[in-house]
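Structure file work_31.cif; described as mmCIF, C-alpha atoms.
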data_run
#
loop_
_atom_site.label_atom_id
_atom_site.label_comp_id
_atom_site.auth_asym_id
_atom_site.auth_seq_id
_atom_site.Cartn_x
_atom_site.Cartn_y
_atom_site.Cartn_z
CA MET A 1 17.57 9.55 36.37
CA THR A 2 21.15 10.69 36.94
CA ASN A 3 22.51 13.77 35.22
CA ALA A 4 24.76 11.56 33.07
CA ALA A 5 21.86 9.33 32.02
CA TYR A 6 19.67 12.35 31.31
CA GLY A 7 22.44 13.90 29.23
CA ALA A 8 22.92 10.69 27.23
CA ASP A 9 19.18 10.42 26.65
CA ARG A 10 19.03 14.02 25.47
CA LEU A 11 22.02 13.54 23.18
CA SER A 12 20.47 10.40 21.67
CA ALA A 13 17.22 12.23 21.01
CA VAL A 14 19.01 15.14 19.36
CA GLU A 15 21.07 12.77 17.21
CA ALA A 16 17.89 10.95 16.25
CA GLY A 17 16.28 14.25 15.33
CA GLN A 18 19.24 15.16 13.15
CA ARG A 19 19.00 11.86 11.32
CA VAL A 20 15.27 12.30 10.73
CA ALA A 21 15.99 15.79 9.40
CA GLY A 22 18.61 14.35 7.03
CA PHE A 23 16.10 11.81 5.74
CA ALA A 24 13.50 14.56 5.26
CA ASP A 25 16.02 16.69 3.35
CA GLN A 26 16.53 13.82 0.91
CA LEU A 27 12.86 12.97 0.57
CA PHE A 28 11.58 16.52 0.18
CA ALA A 29 14.47 18.04 -1.77
CA HIS A 30 11.96 18.98 -4.49
CA LEU A 31 10.21 21.51 -2.23
CA PRO A 32 11.15 24.97 -3.50
CA ARG A 33 11.23 26.83 -0.18
CA ALA A 34 13.42 26.27 2.86
CA ASP A 35 10.50 26.79 5.25
CA GLN A 36 8.54 24.02 3.49
CA ARG A 37 11.45 21.61 3.89
CA ARG A 38 11.78 22.60 7.53
CA TRP A 39 8.09 21.93 8.22
CA ALA A 40 8.24 18.63 6.34
CA ALA A 41 11.00 17.51 8.72
CA ALA A 42 9.05 18.82 11.71
CA TYR A 43 5.86 16.96 10.69
CA LEU A 44 7.85 13.78 10.13
CA MET A 45 9.50 14.10 13.55
CA GLY A 46 6.12 14.68 15.15
CA LEU A 47 4.67 11.51 13.62
CA LEU A 48 7.64 9.53 14.94
CA ALA A 49 7.72 11.14 18.36
CA VAL A 50 4.09 11.10 19.50
CA SER A 51 2.41 8.03 20.93
CA GLY A 52 -1.34 7.68 20.53
CA ARG A 53 -3.38 10.10 18.46
CA LYS A 54 -1.17 12.38 16.40
CA SER A 55 -2.98 15.70 16.40
CA MET A 56 -1.29 18.85 15.14
CA ARG A 57 -1.14 20.12 18.73
CA SER A 58 0.50 16.98 20.14
CA MET A 59 3.04 16.77 17.32
CA ALA A 60 3.96 20.43 17.68
CA ALA A 61 4.38 20.06 21.44
CA ALA A 62 6.79 17.15 20.93
CA ILE A 63 9.22 19.14 18.80
CA THR A 64 9.05 22.80 19.83
CA ASP A 65 7.85 25.29 22.43
CA SER A 66 6.44 27.65 19.81
CA PRO A 67 2.74 28.41 20.50
CA THR A 68 2.04 28.80 16.75
CA ALA A 69 3.71 25.57 15.60
CA SER A 70 0.48 23.56 15.40
CA GLN A 71 -1.06 26.18 13.11
CA SER A 72 2.05 26.12 10.94
CA LEU A 73 1.94 22.31 10.66
CA HIS A 74 -1.72 22.54 9.68
CA ARG A 75 -0.98 25.16 7.00
CA PHE A 76 1.96 23.14 5.66
CA VAL A 77 -0.20 20.08 5.01
CA ASN A 78 -3.45 21.77 3.99
CA ALA A 79 -2.58 25.07 2.35
CA SER A 80 1.10 25.22 1.38
CA PRO A 81 1.41 24.50 -2.36
CA TRP A 82 3.58 21.41 -2.79
CA GLU A 83 3.33 18.22 -4.81
CA TRP A 84 3.40 14.81 -3.15
CA GLU A 85 4.29 12.62 -6.17
CA PRO A 86 8.04 13.44 -6.14
CA ALA A 87 8.30 12.44 -2.48
CA ARG A 88 6.54 9.14 -3.21
CA GLY A 89 8.91 8.49 -6.09
CA GLU A 90 11.84 9.07 -3.77
CA LEU A 91 10.26 6.68 -1.25
CA ARG A 92 10.10 3.96 -3.91
CA ARG A 93 13.76 4.48 -4.77
CA TRP A 94 14.75 4.57 -1.10
CA VAL A 95 12.97 1.31 -0.29
CA GLY A 96 14.11 -0.40 -3.47
CA HIS A 97 17.75 0.53 -2.87
CA ARG A 98 17.80 -0.60 0.75
CA ALA A 99 15.47 -3.58 0.93
CA ARG A 100 15.16 -5.07 -2.59
CA PRO A 101 11.41 -5.79 -2.48
CA GLN A 102 10.06 -9.03 -3.93
CA ALA A 103 6.60 -7.79 -4.91
CA TRP A 104 4.03 -5.09 -4.26
CA THR A 105 0.69 -5.49 -2.56
CA VAL A 106 -2.48 -3.45 -2.17
CA GLY A 107 -3.92 -2.42 1.20
CA ILE A 108 -7.35 -0.89 1.80
CA ALA A 109 -7.48 1.67 4.62
CA LEU A 110 -10.82 2.77 6.06
CA VAL A 111 -10.72 6.16 7.80
CA PRO A 112 -13.86 6.74 9.92
CA LYS A 113 -15.22 10.29 9.68
CA ARG A 114 -18.00 12.33 11.21
CA GLY A 115 -20.19 14.39 8.94
CA ASP A 116 -19.96 14.79 5.18
CA GLN A 117 -17.33 17.52 4.78
CA SER A 118 -14.15 15.47 4.31
CA CYS A 119 -13.06 14.67 0.77
CA GLY A 120 -14.37 11.32 -0.46
CA VAL A 121 -16.38 10.53 2.67
CA HIS A 122 -19.33 8.20 2.13
CA ARG A 123 -21.42 5.50 3.77
CA ARG A 124 -19.92 2.04 3.31
CA PHE A 125 -20.82 -1.41 4.58
CA VAL A 126 -17.82 -3.11 6.18
CA PRO A 127 -18.21 -6.92 6.30
CA SER A 128 -15.63 -7.36 9.06
CA LEU A 129 -17.63 -5.00 11.30
CA GLY A 130 -21.05 -6.18 10.17
CA ARG A 131 -22.33 -2.63 9.82
CA THR A 132 -22.23 0.51 7.70
CA ILE A 133 -19.86 3.33 8.65
CA ASN A 134 -19.10 6.85 7.47
CA CYS A 135 -15.55 6.82 6.12
CA GLN A 136 -12.90 7.64 3.56
CA VAL A 137 -11.27 4.78 1.65
CA GLY A 138 -7.58 4.84 0.80
CA VAL A 139 -5.98 2.36 -1.60
CA GLY A 140 -2.31 1.93 -0.68
CA GLN A 141 0.62 0.45 -2.55
CA PHE A 142 3.04 -1.48 -0.32
CA LEU A 143 6.47 -2.84 -1.24
CA ALA A 144 6.97 -6.28 0.31
CA THR A 145 10.50 -6.78 1.63
CA GLY A 146 12.18 -9.32 3.85
CA ARG A 147 11.64 -6.92 6.76
CA GLY A 148 7.93 -6.36 6.22
CA GLN A 149 5.73 -4.18 4.02
CA VAL A 150 6.17 -0.45 3.63
CA PRO A 151 3.76 2.00 1.94
CA VAL A 152 4.96 4.11 -0.98
CA ASP A 153 1.86 5.36 -2.83
CA TRP A 154 -1.85 6.03 -2.30
CA ARG A 155 -5.13 6.73 -4.05
CA LEU A 156 -8.21 8.22 -2.39
CA HIS A 157 -11.36 6.45 -3.58
CA LEU A 158 -14.09 8.86 -4.69
CA PRO A 159 -17.64 7.42 -4.95
CA SER A 160 -19.84 8.55 -7.83
CA GLU A 161 -21.50 11.31 -5.79
CA TRP A 162 -18.13 13.07 -5.64
CA SER A 163 -18.48 14.06 -9.29
CA GLU A 164 -20.62 17.03 -8.15
CA ASP A 165 -18.89 20.36 -8.76
CA ARG A 166 -20.02 21.72 -5.39
CA LEU A 167 -18.27 18.96 -3.46
CA ARG A 168 -15.19 19.06 -5.65
CA ARG A 169 -14.67 22.80 -5.29
CA ARG A 170 -15.11 22.66 -1.54
CA THR A 171 -12.45 19.98 -1.10
CA ARG A 172 -10.15 21.12 -3.96
CA ILE A 173 -10.28 17.96 -6.06
CA PRO A 174 -8.30 18.47 -9.30
CA GLU A 175 -10.29 18.45 -12.54
CA ASP A 176 -8.44 15.41 -13.89
CA VAL A 177 -9.34 13.30 -10.84
CA GLN A 178 -12.69 11.61 -11.37
CA PRO A 179 -14.61 8.87 -9.52
CA VAL A 180 -13.51 5.45 -10.79
CA PRO A 181 -14.11 1.86 -9.64
CA ALA A 182 -11.77 0.63 -6.92
CA TRP A 183 -10.06 -1.80 -9.31
CA ALA A 184 -9.03 1.11 -11.54
CA HIS A 185 -6.95 2.52 -8.66
CA VAL A 186 -4.90 -0.69 -8.67
CA LEU A 187 -4.16 -0.25 -12.39
CA ASP A 188 -3.22 3.37 -11.74
CA LEU A 189 -0.79 2.28 -9.01
CA ALA A 190 0.69 -0.29 -11.40
CA ASP A 191 1.19 2.44 -14.01
CA ALA A 192 2.83 4.75 -11.48
CA LEU A 193 5.22 2.00 -10.39
CA ALA A 194 6.19 1.29 -14.00
CA ALA A 195 6.65 5.00 -14.79
CA SER A 196 8.94 5.44 -11.76
CA GLY A 197 11.65 3.35 -13.37
CA SER A 198 11.63 0.90 -10.46
CA PRO A 199 12.50 -2.74 -11.22
CA ALA A 200 9.50 -4.74 -12.43
CA LEU A 201 7.72 -6.36 -9.50
CA PRO A 202 4.67 -8.65 -9.51
CA LEU A 203 1.47 -7.64 -7.78
CA VAL A 204 0.36 -9.97 -4.97
CA ALA A 205 -3.21 -9.19 -3.96
CA ASP A 206 -6.61 -10.51 -2.92
CA LEU A 207 -9.02 -9.41 -5.66
CA ARG A 208 -12.13 -11.11 -4.36
CA ALA A 209 -13.57 -7.90 -2.91
CA TYR A 210 -13.26 -5.97 -6.18
CA LYS A 211 -16.22 -5.78 -8.51
CA GLU A 212 -15.29 -6.70 -12.10
CA SER A 213 -12.03 -8.25 -10.95
CA ASP A 214 -11.66 -9.82 -14.41
CA ARG A 215 -11.26 -6.31 -15.88
CA LEU A 216 -8.44 -5.68 -13.45
CA LEU A 217 -6.76 -8.94 -14.45
CA HIS A 218 -7.07 -8.11 -18.15
CA GLY A 219 -5.76 -4.58 -17.51
CA LEU A 220 -2.69 -5.90 -15.75
CA ARG A 221 -2.04 -8.40 -18.53
CA GLU A 222 -2.42 -5.70 -21.21
CA ARG A 223 0.31 -3.79 -19.40
CA ALA A 224 2.53 -6.90 -19.25
CA HIS A 225 2.35 -6.57 -15.46
CA ASP A 226 2.77 -9.91 -13.68
CA PHE A 227 0.55 -10.84 -10.74
CA VAL A 228 -0.24 -13.54 -8.21
CA ALA A 229 -3.82 -12.87 -7.16
CA THR A 230 -6.57 -14.50 -5.14
CA VAL A 231 -9.60 -14.61 -7.44
CA PRO A 232 -13.34 -15.27 -6.89
CA ASP A 233 -14.40 -18.92 -7.01
CA SER A 234 -16.78 -17.99 -9.82
CA LEU A 235 -14.14 -16.38 -12.05
CA PRO A 236 -14.71 -17.96 -15.50
CA VAL A 237 -11.68 -19.79 -16.92
CA LEU A 238 -11.05 -21.99 -19.93
CA PRO A 239 -9.02 -25.18 -19.54
CA THR A 240 -6.16 -26.01 -21.89
CA VAL A 241 -5.52 -29.37 -23.53
CA PRO A 242 -3.51 -31.46 -21.02
CA ALA A 243 -1.23 -32.86 -23.73
CA HIS A 244 -0.09 -29.33 -24.58
CA PRO A 245 0.75 -27.63 -21.27
CA PHE A 246 1.87 -24.40 -22.92
CA GLY A 247 -1.35 -23.98 -24.83
CA ALA A 248 -0.64 -25.54 -28.22
CA GLY A 249 -3.89 -26.90 -29.61
CA ALA A 250 -6.14 -25.37 -26.98
CA ASP A 251 -9.80 -26.16 -27.70
CA THR A 252 -11.63 -22.87 -28.10
CA SER A 253 -15.02 -24.63 -28.19
CA VAL A 254 -14.83 -25.66 -24.52
CA PRO A 255 -17.22 -23.54 -22.41
CA PRO A 256 -15.78 -21.62 -19.45
CA VAL A 257 -16.14 -22.92 -15.91
CA GLY A 258 -15.67 -21.30 -12.52
CA ALA A 259 -12.15 -21.27 -11.07
CA ARG A 260 -13.08 -23.52 -8.14
CA ARG A 261 -14.91 -26.00 -10.32
CA PHE A 262 -11.91 -26.21 -12.63
CA LEU A 263 -9.59 -27.01 -9.72
CA GLU A 264 -11.99 -29.64 -8.36
CA THR A 265 -12.56 -31.38 -11.68
CA GLU A 266 -9.57 -30.63 -13.93
CA GLY A 267 -6.71 -29.68 -11.62
CA GLU A 268 -3.64 -31.81 -11.00
CA LEU A 269 -3.07 -32.68 -7.35
CA LEU A 270 0.53 -32.20 -6.22
CA ARG A 271 1.52 -33.76 -2.91
CA SER A 272 4.42 -32.84 -0.61
CA VAL A 273 4.77 -29.28 -1.87
CA LEU A 274 6.89 -27.01 0.34
CA LYS A 275 4.67 -24.37 1.93
CA TYR A 276 5.85 -20.89 2.84
CA GLY A 277 4.77 -18.63 5.63
CA HIS A 278 6.93 -15.73 4.61
CA PRO A 279 9.88 -15.62 4.82
CA ARG A 280 10.52 -19.25 5.76
CA PRO A 281 9.08 -22.62 4.75
CA THR A 282 6.63 -24.01 7.31
CA GLY A 283 6.25 -27.59 6.12
CA LEU A 284 4.64 -29.62 3.37
CA THR A 285 1.23 -29.16 1.83
CA ARG A 286 -0.94 -30.36 -1.06
CA VAL A 287 -1.63 -28.11 -4.03
CA VAL A 288 -4.04 -28.55 -6.93
CA THR A 289 -3.12 -26.65 -10.08
CA GLY A 290 -3.60 -26.34 -13.83
CA LEU A 291 -3.07 -24.02 -16.80
CA VAL A 292 -6.05 -21.97 -17.94
CA ARG A 293 -7.07 -19.10 -20.20
CA LEU A 294 -9.41 -16.19 -19.48
CA PRO A 295 -12.40 -15.87 -21.82
CA ARG A 296 -13.49 -12.58 -23.38
CA GLY A 297 -10.09 -11.03 -22.81
CA PRO A 298 -8.14 -8.93 -25.33
CA GLN A 299 -5.57 -11.75 -25.60
CA PRO A 300 -7.55 -15.01 -25.33
CA GLN A 301 -4.53 -17.21 -26.13
CA ARG A 302 -2.53 -16.04 -23.09
CA PHE A 303 -2.16 -18.65 -20.38
CA TYR A 304 -2.22 -18.49 -16.61
CA ARG A 305 -1.62 -20.91 -13.77
CA LEU A 306 -4.51 -21.50 -11.39
CA PHE A 307 -3.62 -23.09 -8.05
CA ALA A 308 -4.91 -23.60 -4.52
CA GLU A 309 -3.92 -25.41 -1.38
CA VAL A 310 -5.81 -28.54 -0.34
CA PRO A 311 -5.64 -28.45 3.48
CA ARG A 312 -6.31 -32.16 4.09
CA GLU A 313 -7.02 -35.30 2.12
CA GLY A 314 -10.53 -35.24 0.67
CA GLU A 315 -11.17 -31.55 1.46
CA ARG A 316 -12.09 -28.94 -1.12
CA PRO A 317 -9.34 -26.59 -2.36
CA ALA A 318 -8.84 -23.37 -0.40
CA SER A 319 -8.80 -19.92 -2.03
CA ALA A 320 -7.95 -19.99 -5.72
CA TRP A 321 -4.89 -18.07 -6.94
CA LEU A 322 -4.28 -17.01 -10.54
CA THR A 323 -0.87 -15.97 -11.85
CA THR A 324 0.90 -14.93 -15.02
CA LEU A 325 4.16 -16.40 -13.66
CA VAL A 326 3.64 -19.82 -15.23
CA HIS A 327 7.41 -20.44 -15.36
CA LEU A 328 7.78 -20.42 -11.57
CA SER A 329 7.56 -23.57 -9.47
CA VAL A 330 4.55 -24.07 -7.23
CA GLU A 331 6.84 -23.63 -4.21
CA GLU A 332 7.95 -20.21 -5.49
CA LEU A 333 4.34 -19.22 -6.15
CA LEU A 334 3.32 -20.20 -2.60
CA GLU A 335 6.16 -18.06 -1.25
CA LEU A 336 4.93 -15.04 -3.21
CA ALA A 337 1.30 -15.71 -2.27
CA SER A 338 2.24 -15.72 1.43
CA LEU A 339 3.17 -12.02 1.17
CA GLN A 340 -0.46 -10.94 0.88
CA ALA A 341 -1.34 -11.97 4.44
CA ALA A 342 0.99 -9.30 5.87
CA THR A 343 -0.72 -6.37 4.12
CA PRO A 344 -3.71 -5.95 6.50
CA ARG A 345 -1.25 -5.99 9.41
CA ALA A 346 0.79 -3.27 7.70
CA VAL A 347 -2.34 -1.13 7.33
CA ARG A 348 -3.20 -1.59 11.02
CA ARG A 349 0.34 -0.59 11.95
CA LEU A 350 -0.04 2.63 9.96
CA GLU A 351 -3.28 3.34 11.80
CA GLY A 352 -1.98 2.52 15.27
CA SER A 353 1.62 3.76 15.16
CA PHE A 354 1.87 6.40 12.44
CA GLY A 355 -1.38 8.37 12.49
CA LEU A 356 -2.94 7.25 9.21
CA GLN A 357 -6.43 8.01 10.55
CA ASP A 358 -5.52 11.23 12.36
CA PHE A 359 -5.65 13.77 9.53
CA GLU A 360 -7.56 16.84 10.72
CA GLY A 361 -8.19 18.51 7.36
CA ARG A 362 -10.90 17.98 4.76
CA SER A 363 -9.20 18.68 1.43
CA TYR A 364 -7.99 16.31 -1.27
CA PRO A 365 -4.44 17.78 -1.35
CA GLY A 366 -4.24 17.72 2.44
CA TRP A 367 -5.18 14.04 2.64
CA HIS A 368 -2.56 13.09 0.07
CA ARG A 369 0.16 15.10 1.79
CA HIS A 370 -0.68 13.59 5.16
CA VAL A 371 -0.58 9.98 3.93
CA THR A 372 2.70 10.73 2.12
CA LEU A 373 4.26 11.91 5.38
CA VAL A 374 2.77 8.93 7.24
CA SER A 375 4.33 6.61 4.65
CA ALA A 376 7.67 8.39 5.02
CA ALA A 377 7.59 7.98 8.81
CA CYS A 378 6.84 4.27 8.47
CA CYS A 379 9.58 3.74 5.88
CA TYR A 380 12.10 5.58 8.04
CA GLN A 381 11.38 3.56 11.15
CA GLU A 382 11.23 0.24 9.29
CA LEU A 383 14.30 0.59 7.08
CA SER A 384 16.64 3.35 8.24
CA GLU A 385 18.79 0.97 10.28
CA ILE A 386 19.89 -0.82 7.09
CA ASP A 387 20.73 2.35 5.14
CA PRO A 388 23.97 1.56 3.28
CA ASP A 389 24.77 5.24 2.85
CA GLY A 390 25.44 6.06 6.48
CA LEU A 391 22.13 5.77 8.31
CA SER A 392 22.80 2.21 9.48
CA ARG A 393 23.32 3.36 13.06
CA THR A 394 20.16 5.44 13.17
CA ILE A 395 18.54 5.57 16.59
CA PRO A 396 14.85 4.68 16.24
CA VAL A 397 12.65 7.59 17.27
CA ALA A 398 10.14 5.86 19.53
CA SER A 399 9.77 9.09 21.48
CA LEU A 400 11.46 12.44 21.84
CA PRO A 401 11.55 13.87 25.38
CA ARG A 402 10.26 17.42 25.64
CA ALA A 403 13.61 18.49 27.04
CA ALA A 404 15.38 17.25 23.92
CA ARG A 405 14.70 19.87 21.25
CA PRO A 406 15.40 19.34 17.56
CA PRO A 407 18.38 20.96 15.84
CA ALA A 408 18.33 24.72 15.47
CA ARG A 409 17.20 24.54 11.85
CA LEU A 410 14.02 22.78 13.01
CA ARG A 411 13.24 25.29 15.71
CA VAL A 412 10.26 27.48 14.95
#
Just give me the structure as structure tokens.
Amino acid sequence: MTNAAYGADRLSAVEAGQRVAGFADQLFAHLPRADQRRWAAAYLMGLLAVSGRKSMRSMAAAITDSPTASQSLHRFVNASPWEWEPARGELRRWVGHRARPQAWTVGIALVPKRGDQSCGVHRRFVPSLGRTINCQVGVGQFLATGRGQVPVDWRLHLPSEWSEDRLRRRTRIPEDVQPVPAWAHVLDLADALAASGSPALPLVADLRAYKESDRLLHGLRERAHDFVATVPDSLPVLPTVPAHPFGAGADTSVPPVGARRFLETEGELLRSVLKYGHPRPTGLTRVVTGLVRLPRGPQPQRFYRLFAEVPREGERPASAWLTTLVHLSVEELLELASLQAATPRAVRRLEGSFGLQDFEGRSYPGWHRHVTLVSAACCYQELSEIDPDGLSRTIPVASLPRAARPPARLRV
């Protein structure tokens, strides 16, 4: 490399570091101490700079020559007293302002662990692996934009055994955080999104893996939170009277049937429906659909649209989707439903590129701070180039050469 090329590379890296620091200043403005804000920027730069496993040592080596930097990064995430919720709220605002998300989705992240010391760790059977593993389970909230899906909030699932005081004290679990079913985390994320003042967005999710998914559906409807959700074939539904598509005169004496059976026996087959593979239409498809109610719910007269694709003539319907958005066309519903397929890929990207599984601590606060910083790194790399407030020319931080040190205020 020539001296001129080396100099340009170093200048680009320093400029990139300055822009990351500016983003961190905005995101972590709530931190009361200057040293906390400095270490937040350093941790964020380390996540962006390091390829492969993002240990404290490798991240520290990428941003400074200080021999104690890795210990300081560890203390900042595990011991330094700071709240993560304000940073997540700022992430929501940042993404909403720059990318105008269409919906939010839920991603499940499995973090393999050795031993039983890490907060929330438990034995869990993973169908995709065909075996039981020792792991933590994170439930992530992703905002789906035209550029992809970016994480903005998280819940750490605690199994019932984590109600023991001994385990809770050891890992510093707050008293108001108790083990709840996985579906309750989704409702909690919906509440947090509503409380943030963000524009109302529908949830697009696959609920088939959740036990008592009907309770989740009722909870969302009680909150007036719209959704487009894949539901179990056996989910009980009540048909409406065909002559009254908006529910007038619905027969309450009709027994419930499973969602799939309803589509096969009562659904209306629509041909030549435009199919979406987000963000563009991919051709025509067949869809079977109908209006239904949910039995045993707090509002039994509320109506939903049940729909599913029919891959080929004479075949059974594919996965059943249920939605509160009965006013939308089937084409619009298919476009929203297509967003869910990108969520597992977004989780894998967090694991492979941003260090989601690389947290070295064991505490509840430490896990939440780490995933907040991981989410911030992902949001920065995904969306900073479209920042309308001056970050539009941001240089992506794929790597920072060791020779290119961060600005003086990030030196340690």
| message | Using only C-alpha atoms for the distances, tell me which of A:Thr68, A:Ser319, A:Thr171, A:Gln178 is nearest to Pro159 in chain A. | response |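 Closest candidate: A:Gln178.
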To one decimal place in Å, what is the distance between CA of Arg123 in chain A and CA of Val137 in chain A?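 CA of Arg123 in chain A sits 10.4 Å away from CA of Val137 in chain A.
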Give me, as CSV, the closest atom pair and its distance (Å, one decimal) for every residue of range 140-259 of chain A within a cut-off of 9 Å of range 361-375 of chain A, counting only C-alpha atoms, rows sorted by chain and rising number.
residue,atom,partner,partner_atom,distance
A:Val150,CA,A:Ser375,CA,7.4
A:Pro151,CA,A:Ser375,CA,5.4
A:Val152,CA,A:Ser375,CA,6.2
A:Asp153,CA,A:Thr372,CA,7.4
A:Trp154,CA,A:His368,CA,7.5
A:Arg155,CA,A:His368,CA,8.0
A:Leu156,CA,A:His368,CA,7.9
A:Arg168,CA,A:Tyr364,CA,8.9
A:Arg170,CA,A:Ser363,CA,7.7
A:Thr171,CA,A:Ser363,CA,4.3
A:Arg172,CA,A:Tyr364,CA,5.9
A:Ile173,CA,A:Tyr364,CA,5.6
A:Pro174,CA,A:Tyr364,CA,8.3
Let's have the selection written as a PDB file, in the frame of the given file, with C-alpha atoms.
ATOM      1  CA  VAL A 150       6.170  -0.450   3.630  1.00  0.00           C
ATOM      2  CA  PRO A 151       3.760   2.000   1.940  1.00  0.00           C
ATOM      3  CA  VAL A 152       4.960   4.110  -0.980  1.00  0.00           C
ATOM      4  CA  ASP A 153       1.860   5.360  -2.830  1.00  0.00           C
ATOM      5  CA  TRP A 154      -1.850   6.030  -2.300  1.00  0.00           C
ATOM      6  CA  ARG A 155      -5.130   6.730  -4.050  1.00  0.00           C
ATOM      7  CA  LEU A 156      -8.210   8.220  -2.390  1.00  0.00           C
ATOM      8  CA  ARG A 168     -15.190  19.060  -5.650  1.00  0.00           C
ATOM      9  CA  ARG A 170     -15.110  22.660  -1.540  1.00  0.00           C
ATOM     10  CA  THR A 171     -12.450  19.980  -1.100  1.00  0.00           C
ATOM     11  CA  ARG A 172     -10.150  21.120  -3.960  1.00  0.00           C
ATOM     12  CA  ILE A 173     -10.280  17.960  -6.060  1.00  0.00           C
ATOM     13  CA  PRO A 174      -8.300  18.470  -9.300  1.00  0.00           C
TER      14      PRO A 174
END
CA of Ser353 in chain A to CA of Arg53 in chain A measures 8.7 Å
Atom pair CA of Leu270 in chain A / CA of Leu217 in chain A: separation (Å):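 That distance, rounded to one decimal, is 25.7 Å.
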From the set A:Gly96, A:Leu47, A:Arg261, A:Ala342, which residue has the shortest atom-to-atom contact distance to Ala318 in chain A, counting only C-alpha atoms?
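Nearest to Ala318 in chain A: A:Arg261.
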Determine the residue membership of the PyMOL selection byres ((chain A and resi 122) around 9) for the file above and supply it as number ranges by chain. A: 113, 116, 120-121, 123-124, 133-137, 158-159, 161
inquiry  = Evaluate the PyMOL selection byres ((chain A and resi 70) around 12) against this structure - the residues, as a list in words, please.
reply    = Trp39, Ala42, Tyr43, Gly46, Lys54, Ser55, Met56, Arg57, Ser58, Met59, Ala60, Ala61, Ala62, Ile63, Thr64, Asp65, Ser66, Pro67, Thr68, Ala69, Gln71, Ser72, Leu73, His74, Arg75, Phe76, Val77, Glu360 and Val412 of chain A
If you count all atoms listed in the file, which residues fall within 6 Å of range 325-336 of chain A, apart from same-chain ones fewer than 5 positions away, as a PyMOL selection string? chain A and resi 274+276+305
* Counting all atoms listed in the file, which of A:Arg280, A:Arg312, A:Arg147, A:His157 gets nearest to Val180 in chain A? ->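 With all atoms listed in the file as the atom set, the closest residue is A:His157.
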Which centre and edge lengths in Å to one decimal define the box along x, y and z that fits every listed atom of range 304-320 of chain A plus 5 Å per side, as lines of an AutoDock Vina configuration file?
center_x = -6.9
center_y = -26.9
center_z = -6.3
size_x = 20.5
size_y = 26.8
size_z = 30.7
Show me, as a PyMOL selection string, the residues that have an atom within 6 Å of range 288-298 of chain A when counting only C-alpha atoms, minus same-chain residues fewer than 5 positions from it.
chain A and resi 237-240+267-270+303-308
* **Evaluate the PyMOL selection byres ((chain A and resi 27) around 10) and report residues as a list in words** =>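 After applying the PyMOL selection byres ((chain A and resi 27) around 10), what remains is Ala21, Gly22, Phe23, Ala24, Asp25, Gln26, Phe28, Ala29, His30, Leu31, Arg37, Ala40, Ala41, Pro86, Ala87, Arg88, Gly89, Glu90, Leu91, Trp94, Leu373 and Ala376 of chain A.
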For C-alpha atoms, I'd like the residues from the last selection saved as a short mmCIF file (atom, residue, chain, number, x, y, z; two decimals), in the frame of the given file.
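So the final result, stored in result_29.cif, reads:
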data_model
loop_
_atom_site.label_atom_id
_atom_site.label_comp_id
_atom_site.auth_asym_id
_atom_site.auth_seq_id
_atom_site.Cartn_x
_atom_site.Cartn_y
_atom_site.Cartn_z
CA ALA A 21 15.99 15.79 9.40
CA GLY A 22 18.61 14.35 7.03
CA PHE A 23 16.10 11.81 5.74
CA ALA A 24 13.50 14.56 5.26
CA ASP A 25 16.02 16.69 3.35
CA GLN A 26 16.53 13.82 0.91
CA PHE A 28 11.58 16.52 0.18
CA ALA A 29 14.47 18.04 -1.77
CA HIS A 30 11.96 18.98 -4.49
CA LEU A 31 10.21 21.51 -2.23
CA ARG A 37 11.45 21.61 3.89
CA ALA A 40 8.24 18.63 6.34
CA ALA A 41 11.00 17.51 8.72
CA PRO A 86 8.04 13.44 -6.14
CA ALA A 87 8.30 12.44 -2.48
CA ARG A 88 6.54 9.14 -3.21
CA GLY A 89 8.91 8.49 -6.09
CA GLU A 90 11.84 9.07 -3.77
CA LEU A 91 10.26 6.68 -1.25
CA TRP A 94 14.75 4.57 -1.10
CA LEU A 373 4.26 11.91 5.38
CA ALA A 376 7.67 8.39 5.02
#
So that each row is one residue of range 172-237 of chain A with an atom at most 7 Å from range 100-109 of chain A, can you give its shortest atom pair and the distance in Å to one decimal, using all atoms listed in the file, rows by chain and rising number, as a Markdown table?
| residue | atom | partner | partner_atom | distance |
| --- | --- | --- | --- | --- |
| A:Leu201 | CA | A:Ala103 | CA | 4.9 |
| A:Pro202 | CA | A:Ala103 | CA | 5.1 |
| A:Leu203 | CA | A:Trp104 | CA | 5.0 |
| A:Val204 | CA | A:Thr105 | CA | 5.1 |
| A:Ala205 | CA | A:Thr105 | CA | 5.6 |
